[in-house]
Each structure stands twice: as structure tokens, then as C-alpha cells.
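Visitor: Okay, so here is model_27.txt, and as you'll see once you scroll down, it has compact mmCIF, C-alpha atoms and all ligand atoms.
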# COMPACT_ATOMS: atom_id res chain seq x y z
CA MET S 1365 -2.53 -13.07 -0.57
CA ASN S 1366 -1.52 -9.40 -0.60
CA LYS S 1367 -4.50 -7.37 -1.86
CA LEU S 1368 -3.07 -3.90 -1.30
CA ILE S 1369 -4.04 -1.65 -4.22
CA THR S 1370 -2.66 1.87 -4.27
CA PHE S 1371 -3.80 4.95 -6.18
CA GLU S 1372 -1.10 7.45 -7.15
CA GLY S 1373 -0.72 10.58 -9.23
CA ILE S 1374 0.11 14.27 -9.18
CA GLU S 1375 -2.14 16.92 -7.64
CA GLY S 1376 -5.48 17.07 -9.46
CA SER S 1377 -5.08 13.66 -11.10
CA GLY S 1378 -8.54 12.65 -9.87
CA LYS S 1379 -7.31 9.58 -7.96
CA SER S 1380 -9.44 10.36 -4.87
CA THR S 1381 -12.62 10.53 -6.98
CA GLN S 1382 -11.62 7.26 -8.63
CA ILE S 1383 -10.90 5.44 -5.37
CA ASN S 1384 -14.36 6.42 -4.11
CA LEU S 1385 -16.04 5.14 -7.29
CA ILE S 1386 -14.21 1.81 -7.07
CA ALA S 1387 -14.97 1.52 -3.35
CA ARG S 1388 -18.67 2.08 -4.03
CA TYR S 1389 -18.68 -0.54 -6.80
CA LEU S 1390 -16.95 -3.16 -4.63
CA THR S 1391 -19.02 -2.38 -1.52
CA GLU S 1392 -22.26 -2.85 -3.47
CA ARG S 1393 -20.96 -6.31 -4.39
CA ASN S 1394 -20.05 -7.13 -0.78
CA VAL S 1395 -16.31 -7.38 -1.40
CA PRO S 1396 -14.60 -7.12 2.02
CA LEU S 1397 -12.76 -3.83 1.83
CA LEU S 1398 -10.70 -1.21 3.62
CA ILE S 1399 -10.55 2.20 2.00
CA THR S 1400 -7.85 4.39 3.43
CA ARG S 1401 -5.32 7.13 2.65
CA GLU S 1402 -1.90 8.50 3.52
CA PRO S 1403 -0.82 10.32 5.54
CA SER S 1404 -4.21 10.66 7.28
CA GLY S 1405 -5.39 7.03 7.44
CA THR S 1406 -5.14 7.01 11.26
CA ASP S 1407 -5.84 9.61 13.96
CA ILE S 1408 -2.11 9.93 14.58
CA GLY S 1409 -1.49 10.25 10.83
CA SER S 1410 -4.05 13.07 10.63
CA LYS S 1411 -2.18 14.98 13.31
CA ILE S 1412 1.08 14.42 11.43
CA GLY S 1413 -0.69 15.65 8.27
CA ASP S 1414 -1.66 18.89 10.06
CA ILE S 1415 2.04 19.61 10.56
CA LEU S 1416 2.98 18.56 7.01
CA PHE S 1417 0.38 20.63 5.18
CA ASN S 1418 0.39 23.77 7.30
CA ARG S 1419 1.69 26.65 5.20
CA GLU S 1420 3.29 28.21 8.28
CA ASN S 1421 5.78 25.33 8.11
CA TYR S 1422 7.23 26.57 4.83
CA HIS S 1423 10.74 26.17 6.26
CA MET S 1424 10.37 22.44 6.96
CA CYS S 1425 13.45 20.66 5.60
CA ALA S 1426 13.06 17.80 3.13
CA GLU S 1427 14.33 15.19 5.59
CA THR S 1428 11.77 16.18 8.25
CA GLU S 1429 9.06 15.99 5.62
CA ALA S 1430 10.16 12.50 4.54
CA PHE S 1431 10.39 11.20 8.12
CA LEU S 1432 6.94 12.60 8.96
CA PHE S 1433 5.32 10.88 5.97
CA CYS S 1434 7.10 7.68 7.00
CA ALA S 1435 6.02 8.12 10.63
CA ALA S 1436 2.41 8.33 9.45
CA ARG S 1437 2.99 5.24 7.29
CA ALA S 1438 4.51 3.25 10.17
CA GLN S 1439 1.37 3.86 12.23
CA HIS S 1440 -0.97 3.23 9.30
CA VAL S 1441 0.65 -0.07 8.26
CA ARG S 1442 0.62 -1.48 11.79
CA GLU S 1443 -2.75 -0.13 12.94
CA LYS S 1444 -4.84 -0.53 9.77
CA ILE S 1445 -3.22 -2.13 6.74
CA ILE S 1446 -1.73 -5.31 8.21
CA PRO S 1447 -4.89 -6.21 10.17
CA ALA S 1448 -6.99 -5.67 7.02
CA LEU S 1449 -4.67 -7.76 4.82
CA ASN S 1450 -4.62 -10.48 7.47
CA SER S 1451 -8.44 -10.61 7.32
CA ASN S 1452 -8.13 -11.07 3.54
CA LYS S 1453 -9.65 -7.67 2.76
CA VAL S 1454 -8.96 -5.73 -0.42
CA VAL S 1455 -7.19 -2.55 0.72
CA LEU S 1456 -7.65 0.53 -1.46
CA CYS S 1457 -5.10 3.14 -0.39
CA ASP S 1458 -4.96 6.72 -1.66
CA ARG S 1459 -1.17 7.20 -1.89
CA PHE S 1460 1.49 4.99 -0.29
CA SER S 1461 5.26 4.51 -0.48
CA ASP S 1462 5.55 5.50 -4.18
CA ALA S 1463 4.41 9.00 -3.20
CA THR S 1464 7.47 9.31 -0.95
CA TYR S 1465 9.73 8.26 -3.84
CA ALA S 1466 8.09 10.75 -6.21
CA TYR S 1467 7.67 13.75 -3.87
CA GLN S 1468 10.55 13.49 -1.40
CA GLY S 1469 12.94 11.29 -3.42
CA ALA S 1470 12.58 12.82 -6.90
CA ALA S 1471 11.06 16.29 -6.41
CA ARG S 1472 12.79 17.24 -3.11
CA GLY S 1473 15.96 15.50 -4.30
CA LEU S 1474 16.53 13.11 -1.40
CA GLY S 1475 17.20 10.25 -3.81
CA SER S 1476 15.77 6.77 -4.04
CA GLU S 1477 18.33 5.00 -1.84
CA PHE S 1478 17.49 7.04 1.25
CA ILE S 1479 13.77 6.79 0.55
CA LYS S 1480 13.97 3.02 0.12
CA LEU S 1481 15.60 2.69 3.52
CA ILE S 1482 13.00 4.72 5.42
CA ASN S 1483 10.09 3.36 3.36
CA ASP S 1484 11.10 -0.22 4.07
CA TYR S 1485 11.29 0.41 7.81
CA SER S 1486 8.01 2.26 7.96
CA SER S 1487 6.03 -0.16 5.78
CA LEU S 1488 7.64 -3.32 7.21
CA GLY S 1489 8.58 -4.09 3.60
CA ILE S 1490 4.91 -4.30 2.52
CA LYS S 1491 4.54 -3.35 -1.13
CA PRO S 1492 1.37 -2.75 -3.08
CA ALA S 1493 0.32 -5.72 -5.21
CA LEU S 1494 -1.18 -3.34 -7.78
CA THR S 1495 -0.69 0.40 -8.32
CA LEU S 1496 -2.89 2.55 -10.53
CA LEU S 1497 -0.99 5.62 -11.71
CA PHE S 1498 -3.28 8.42 -12.85
CA ASP S 1499 -1.16 10.46 -15.23
CA LEU S 1500 -1.80 13.80 -16.90
CA PRO S 1501 0.13 16.97 -17.74
CA VAL S 1502 0.99 19.03 -14.67
CA GLU S 1503 -0.78 22.15 -16.00
CA ALA S 1504 -4.07 20.25 -16.32
CA GLY S 1505 -3.73 18.67 -12.87
CA LEU S 1506 -2.93 21.93 -11.10
CA GLN S 1507 -5.84 23.65 -12.81
CA ARG S 1508 -8.18 20.93 -11.53
CA ALA S 1509 -6.72 21.20 -8.02
CA THR S 1510 -7.20 24.98 -8.06
CA ASP S 1511 -10.81 24.66 -9.27
CA ARG S 1512 -11.48 22.13 -6.50
CA ASP S 1513 -9.92 24.38 -3.84
CA ASN S 1514 -11.98 27.32 -5.04
CA LEU S 1515 -15.11 25.21 -4.67
CA LEU S 1516 -14.23 23.71 -1.33
CA LYS S 1517 -12.52 26.46 0.57
CA ASP S 1518 -10.82 29.78 0.58
CA ALA S 1519 -8.01 29.54 -2.01
CA SER S 1520 -5.66 31.19 0.49
CA THR S 1521 -5.66 27.90 2.44
CA THR S 1522 -4.08 25.96 -0.46
CA ASP S 1523 -1.61 23.60 1.21
CA ARG S 1524 2.20 23.58 1.18
CA PHE S 1525 2.39 21.08 -1.69
CA GLU S 1526 -0.17 22.65 -4.00
CA LYS S 1527 1.78 25.91 -3.64
CA GLU S 1528 4.94 24.36 -5.08
CA SER S 1529 6.24 25.38 -8.53
CA MET S 1530 5.41 23.81 -11.87
CA GLU S 1531 9.00 22.48 -11.92
CA PHE S 1532 8.44 20.67 -8.61
CA HIS S 1533 5.25 19.03 -9.88
CA ASN S 1534 6.94 18.01 -13.13
CA LYS S 1535 9.63 16.31 -11.07
CA VAL S 1536 6.91 14.48 -9.13
CA ARG S 1537 5.29 13.33 -12.38
CA ASN S 1538 8.61 12.14 -13.82
CA GLY S 1539 9.43 10.48 -10.50
CA TYR S 1540 6.28 8.39 -10.74
CA LEU S 1541 6.98 7.51 -14.39
CA ASP S 1542 10.50 6.38 -13.43
CA ILE S 1543 9.19 4.01 -10.76
CA LEU S 1544 6.74 2.62 -13.29
CA LYS S 1545 9.59 1.99 -15.73
CA ASN S 1546 11.45 0.03 -13.05
CA GLU S 1547 8.43 -2.01 -11.96
CA PRO S 1548 6.13 -2.35 -14.97
CA ALA S 1549 4.41 -5.50 -13.69
CA ARG S 1550 2.98 -3.77 -10.61
CA PHE S 1551 1.77 -0.61 -12.34
CA ARG S 1552 -1.17 0.25 -14.58
CA LEU S 1553 -0.78 3.63 -16.28
CA ILE S 1554 -4.09 5.44 -16.74
CA ASP S 1555 -4.57 8.52 -18.90
CA ALA S 1556 -6.23 10.86 -16.39
CA ASP S 1557 -6.71 13.71 -18.85
CA ARG S 1558 -10.19 12.44 -19.77
CA ASP S 1559 -13.68 12.53 -18.27
CA ILE S 1560 -14.37 10.81 -14.97
CA ASP S 1561 -16.33 7.92 -16.47
CA ALA S 1562 -13.72 6.99 -19.09
CA ILE S 1563 -11.05 6.95 -16.38
CA HIS S 1564 -13.30 4.92 -14.09
CA GLN S 1565 -13.87 2.24 -16.75
CA ASP S 1566 -10.12 1.67 -17.08
CA ALA S 1567 -9.49 1.75 -13.33
CA LEU S 1568 -12.35 -0.66 -12.62
CA ARG S 1569 -11.18 -3.12 -15.28
CA TYR S 1570 -7.68 -3.23 -13.79
CA VAL S 1571 -8.99 -3.69 -10.25
CA LEU S 1572 -11.46 -6.43 -11.23
CA ASP S 1573 -8.81 -8.28 -13.28
CA PHE S 1574 -6.55 -8.19 -10.22
CA ILE S 1575 -9.26 -9.38 -7.83
CA ASP S 1576 -10.16 -12.22 -10.23
CA LEU S 1577 -6.53 -13.34 -10.19
CA CYS S 1578 -6.58 -13.45 -6.37
CA ASP S 1579 -9.60 -15.80 -6.24
P1 LIG S 1601 -3.56 14.27 -1.60
O1 LIG S 1601 -3.40 12.78 -1.62
O2 LIG S 1601 -4.88 14.69 -1.08
O3 LIG S 1601 -3.16 14.88 -2.88
O4 LIG S 1601 -2.58 14.90 -0.47
C1 LIG S 1601 -1.43 14.35 -0.05
C2 LIG S 1601 -0.29 15.30 -0.27
O5 LIG S 1601 0.84 14.78 0.42
C3 LIG S 1601 0.12 15.45 -1.72
O6 LIG S 1601 0.54 16.78 -1.95
C4 LIG S 1601 1.32 14.53 -1.84
C5 LIG S 1601 1.92 14.58 -0.47
N1 LIG S 1601 2.64 13.35 -0.08
C6 LIG S 1601 4.02 13.36 -0.10
O7 LIG S 1601 4.64 14.36 -0.44
N2 LIG S 1601 4.69 12.22 0.29
C7 LIG S 1601 4.03 11.10 0.70
O8 LIG S 1601 4.68 10.09 1.06
C8 LIG S 1601 2.58 11.11 0.71
C9 LIG S 1601 1.84 9.89 1.18
C10 LIG S 1601 1.94 12.25 0.31
Could you express the structure from this file as C-alpha cells?
Ligand code: TMP
Guide:
Amino acid sequence: MNKLITFEGIEGSGKSTQINLIARYLTERNVPLLITREPSGTDIGSKIGDILFNRENYHMCAETEAFLFCAARAQHVREKIIPALNSNKVVLCDRFSDATYAYQGAARGLGSEFIKLINDYSSLGIKPALTLLFDLPVEAGLQRATDRDNLLKDASTTDRFEKESMEFHNKVRNGYLDILKNEPARFRLIDADRDIDAIHQDALRYVLDFIDLCD
């Protein structure tokens, strides 16, 4: 049974906080688990991420960007995700193929046909069984991301994606909402413009309902 659960959303949607909370809950209950992320879920993926996020690469074309995310995914799926699914683990993944549809397909304008082709090759056709989409207005998300960057590091190191315009991030948000419209059964839409605990309660309920169905 495919137990791949993905966490998606715009910058500052809080999905990484939420994946950690769910992982802690499941680990305490001894649920066999892999927690991972894209593009940096493998050592090779981390190196690819260094190229993708480096602000000096501002002139990277959209196609290169899409292929690099897919290169990281190809490695990740073969090295980590498939072995974990084959051992019947629940896999919690912070971003996966839907991010390529939303960011490179919708926001960069490469279109869903091209993205489907390269996504299918890189993921060997593996699709998430459940996707939690953390949704909130772009202004609120970017403000959270900026606050986090100010806490964590020098704001001048904000990455290539966070630096993009409001219009770009709105296209990402709408891109995600379009995929959800096309595949409502796989998605759970979560209002992420609330406090961490309220969001966590929703996310946990959806994950536990899914895991119950698998047993
Ligand atoms: P984050 O998950 O920490 O927000 O960082 C990942 C960044 O990479 C984020 O800006 C979205 C971007 N991204 C894409 O543009 N396409 C992809 O396929 C993936 C996995 C991520």
C-alpha cells in the first residue's frame, strides 16, 4: 500500500513546522516512518539545491530549474522513497511533484504537459496517496517567511524563490488550487492562516484517518 503523504504550500505556509509535529506524534507511537523533503532529501539533492537556491544563479532559465528539481526527485525516489514504501513505512515528504507543477508549470509558465512528462520520468510514476495543502494569502505567507529569515539568518541571504514577486507567488498559490480542483480525492485543503495548534489538529486528523484506512 502506498503511504506517501506530501505537504505542500506557498512560502511561509508553515508546512515544515507541521510535518515536524506530525512526525513527532507518529514517532512517539512507534509508527514506522520516513520524514524527508525535496529537493534536499538526499546528499545529491542537497548539492542540486545549492545550485537552485543560490541567488548568483538569477539567470537560470525555467527549463534548467525544472530539470534540476526533477533530477533531485529522481535520486530521492530511487534512493529513499521506494525503499521506504517497500518496507511499508509511512513517508512524510515536504514538497514533491505538485511543487513542480505549481512553481515551474504554473508560475514559471512551462505548462502542465511538459511538467507531467518530466515528473513522471523522475518519480517513476509514483504519486502521493494523500496531499495536505496548506493554503493562505500570499501576503501573509511572505511576511511569515521574512520573519523566519530575519530570525534565522541575514535577510540578504533570502533565496532565489523567496525573492520572487507577489505575482509569482500568487501564480504558485493558484497553481496548487488548480491541481486540487483536478484531483479532489487526493487533497486535503487546510486553512494555514491560523495558529500552529489549530492547523496541527486538522493536519493530524487527516493523517490519522488516512493511516487508519491503510490498516
Ligand atoms: P521550502 O520547501 O523550504 O519552501 O523550499 C523549497 C523551495 O523550492 C521553495 O521555494 C519551492 C521550490 N521548489 C520548486 O520550485 N519546485 C519543486 O519541484 C520543489 C520540490 C521545490
Visitor: Within 7 Å of ligand LIG 1601 (chain S), counting all atoms listed in the file, which protein or nucleic acid residues do you find, written as a PyMOL selection string?
Guide: chain S and resi 1375+1402-1403+1430+1433-1434+1458-1461+1463-1464+1467-1468+1525-1526
Visitor: When you draw a straight line from CA of Ser1476 (chain S) to CA of Asp1462 (chain S), how long is it in Å?
Guide: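 Computing the Euclidean distance for CA of Ser1476 (chain S) and CA of Asp1462 (chain S) yields 10.3 Å.
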Visitor: Please, what distance in Å, to one decimal, runs between CA of Thr1400 (chain S) and CA of Leu1456 (chain S)?
Guide: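 One can read the CA of Thr1400 (chain S) to CA of Leu1456 (chain S) distance as 6.2 Å.
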Visitor: Can you sort out the box for region 1387-1401 of chain S, edges along x, y and z, all listed atoms in, 4 Å on every side, with centre and edge lengths in Å to one decimal, as lines of an AutoDock Vina configuration file?
Guide:
center_x = -13.8
center_y = -0.1
center_z = -1.6
size_x = 24.9
size_y = 22.5
size_z = 18.4
Visitor: Neighbours of region 1546-1561 of chain S within 7 Å (all atoms listed in the file; same-chain residues fewer than 2 positions away dropped), as a PDB file with C-alpha atoms, in the frame of the given file?
Guide:
ATOM      1  CA  SER S1377      -5.080  13.660 -11.100  1.00  0.00           C
ATOM      2  CA  ALA S1493       0.320  -5.720  -5.210  1.00  0.00           C
ATOM      3  CA  LEU S1494      -1.180  -3.340  -7.780  1.00  0.00           C
ATOM      4  CA  THR S1495      -0.690   0.400  -8.320  1.00  0.00           C
ATOM      5  CA  LEU S1496      -2.890   2.550 -10.530  1.00  0.00           C
ATOM      6  CA  LEU S1497      -0.990   5.620 -11.710  1.00  0.00           C
ATOM      7  CA  PHE S1498      -3.280   8.420 -12.850  1.00  0.00           C
ATOM      8  CA  ASP S1499      -1.160  10.460 -15.230  1.00  0.00           C
ATOM      9  CA  LEU S1500      -1.800  13.800 -16.900  1.00  0.00           C
ATOM     10  CA  ASP S1542      10.500   6.380 -13.430  1.00  0.00           C
ATOM     11  CA  ILE S1543       9.190   4.010 -10.760  1.00  0.00           C
ATOM     12  CA  LEU S1544       6.740   2.620 -13.290  1.00  0.00           C
ATOM     13  CA  ILE S1563     -11.050   6.950 -16.380  1.00  0.00           C
ATOM     14  CA  HIS S1564     -13.300   4.920 -14.090  1.00  0.00           C
ATOM     15  CA  GLN S1565     -13.870   2.240 -16.750  1.00  0.00           C
TER      16      GLN S1565
END
Visitor: Calculate how many Å separate CA of Ala1567 (chain S) from CA of Asp1407 (chain S), rounding to one decimal.
Guide: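 For CA of Ala1567 (chain S) relative to CA of Asp1407 (chain S), the distance reads 28.6 Å.
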Visitor: Using all atoms listed in the file, which of S:Ile1408, S:Val1441, S:Gly1373, S:Asp1573 sits nearest Ile1490 (chain S)?
Guide: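 The shortest atom-to-atom distance to Ile1490 (chain S) comes from S:Val1441.
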Visitor: With distances taken over all atoms listed in the file, which residue among S:Val1455, S:Leu1449, S:Leu1397, S:Met1365 lies nearest Leu1577 (chain S)?
Guide: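 Nearest candidate to Leu1577 (chain S) out of S:Val1455, S:Leu1449, S:Leu1397, S:Met1365: S:Met1365.
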Visitor: Please list as a PyMOL selection string every residue within 9 Å of Arg1537 (chain S), counting only C-alpha atoms and excluding residues in the same chain fewer than 2 positions away.
Guide: chain S and resi 1373-1374+1466-1467+1471+1499-1502+1532-1535+1539-1542
Visitor: Which is closest to Leu1474 (chain S) among S:Thr1428, S:Leu1506, S:Ser1451, S:Gly1409, if we use all atoms listed in the file?
Guide: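 Of S:Thr1428, S:Leu1506, S:Ser1451, S:Gly1409, the one nearest Leu1474 (chain S) is S:Thr1428, counting all atoms listed in the file.
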Visitor: Between S:Ala1504, S:Leu1515, S:Val1454, S:Ala1438, which has the minimum distance to Val1571 (chain S) (counting all atoms listed in the file)?
Guide: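 Result for the nearest residue to Val1571 (chain S): S:Val1454.
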Visitor: Can you pull out the residues contacting Gly1405 (chain S)? Cut-off 10 Å, using only C-alpha atoms, and skip same-chain residues under 5 positions away; I want them as a compact mmCIF listing (two decimals) with C-alpha atoms, keeping the file's coordinate frame.
Guide:
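Wrote it out as result-v2.txt, contents follow:
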# COMPACT_ATOMS: atom_id res chain seq x y z
CA ILE S 1399 -10.55 2.20 2.00
CA THR S 1400 -7.85 4.39 3.43
CA SER S 1410 -4.05 13.07 10.63
CA GLY S 1413 -0.69 15.65 8.27
CA ALA S 1436 2.41 8.33 9.45
CA ARG S 1437 2.99 5.24 7.29
CA GLN S 1439 1.37 3.86 12.23
CA HIS S 1440 -0.97 3.23 9.30
CA VAL S 1441 0.65 -0.07 8.26
CA GLU S 1443 -2.75 -0.13 12.94
CA LYS S 1444 -4.84 -0.53 9.77
CA ILE S 1445 -3.22 -2.13 6.74
CA CYS S 1457 -5.10 3.14 -0.39
CA ASP S 1458 -4.96 6.72 -1.66
Visitor: Give me the residues near Leu1416 (chain S) as a VMD selection string, where near means some atom within 8 Å (using all atoms listed in the file) and where sequence neighbours in that chain fewer than 5 positions away do not count.
Guide: chain S and resid 1421 1429 1432 1524
Visitor: Of the candidates S:Phe1431, S:Tyr1465, S:Tyr1422, S:Phe1574, which one gets nearest to Val1536 (chain S) if we count all atoms listed in the file?
Guide: S:Tyr1465
Visitor: Here is a test: counting all atoms listed in the file, which residue of S:Ile1383, S:Ile1446, S:Ala1509, S:Ala1470 is nearest to Lys1491 (chain S)?
Guide: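 Among S:Ile1383, S:Ile1446, S:Ala1509, S:Ala1470, it is S:Ile1446 that comes nearest to Lys1491 (chain S).
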Visitor: Up to 12 Å from (-17.4, -3.4, -9.1) in the file's coordinates: name the residues, counting only C-alpha atoms, as an MDAnalysis selection string.
Guide: chainID S and resid 1383:1395 1397 1564:1576
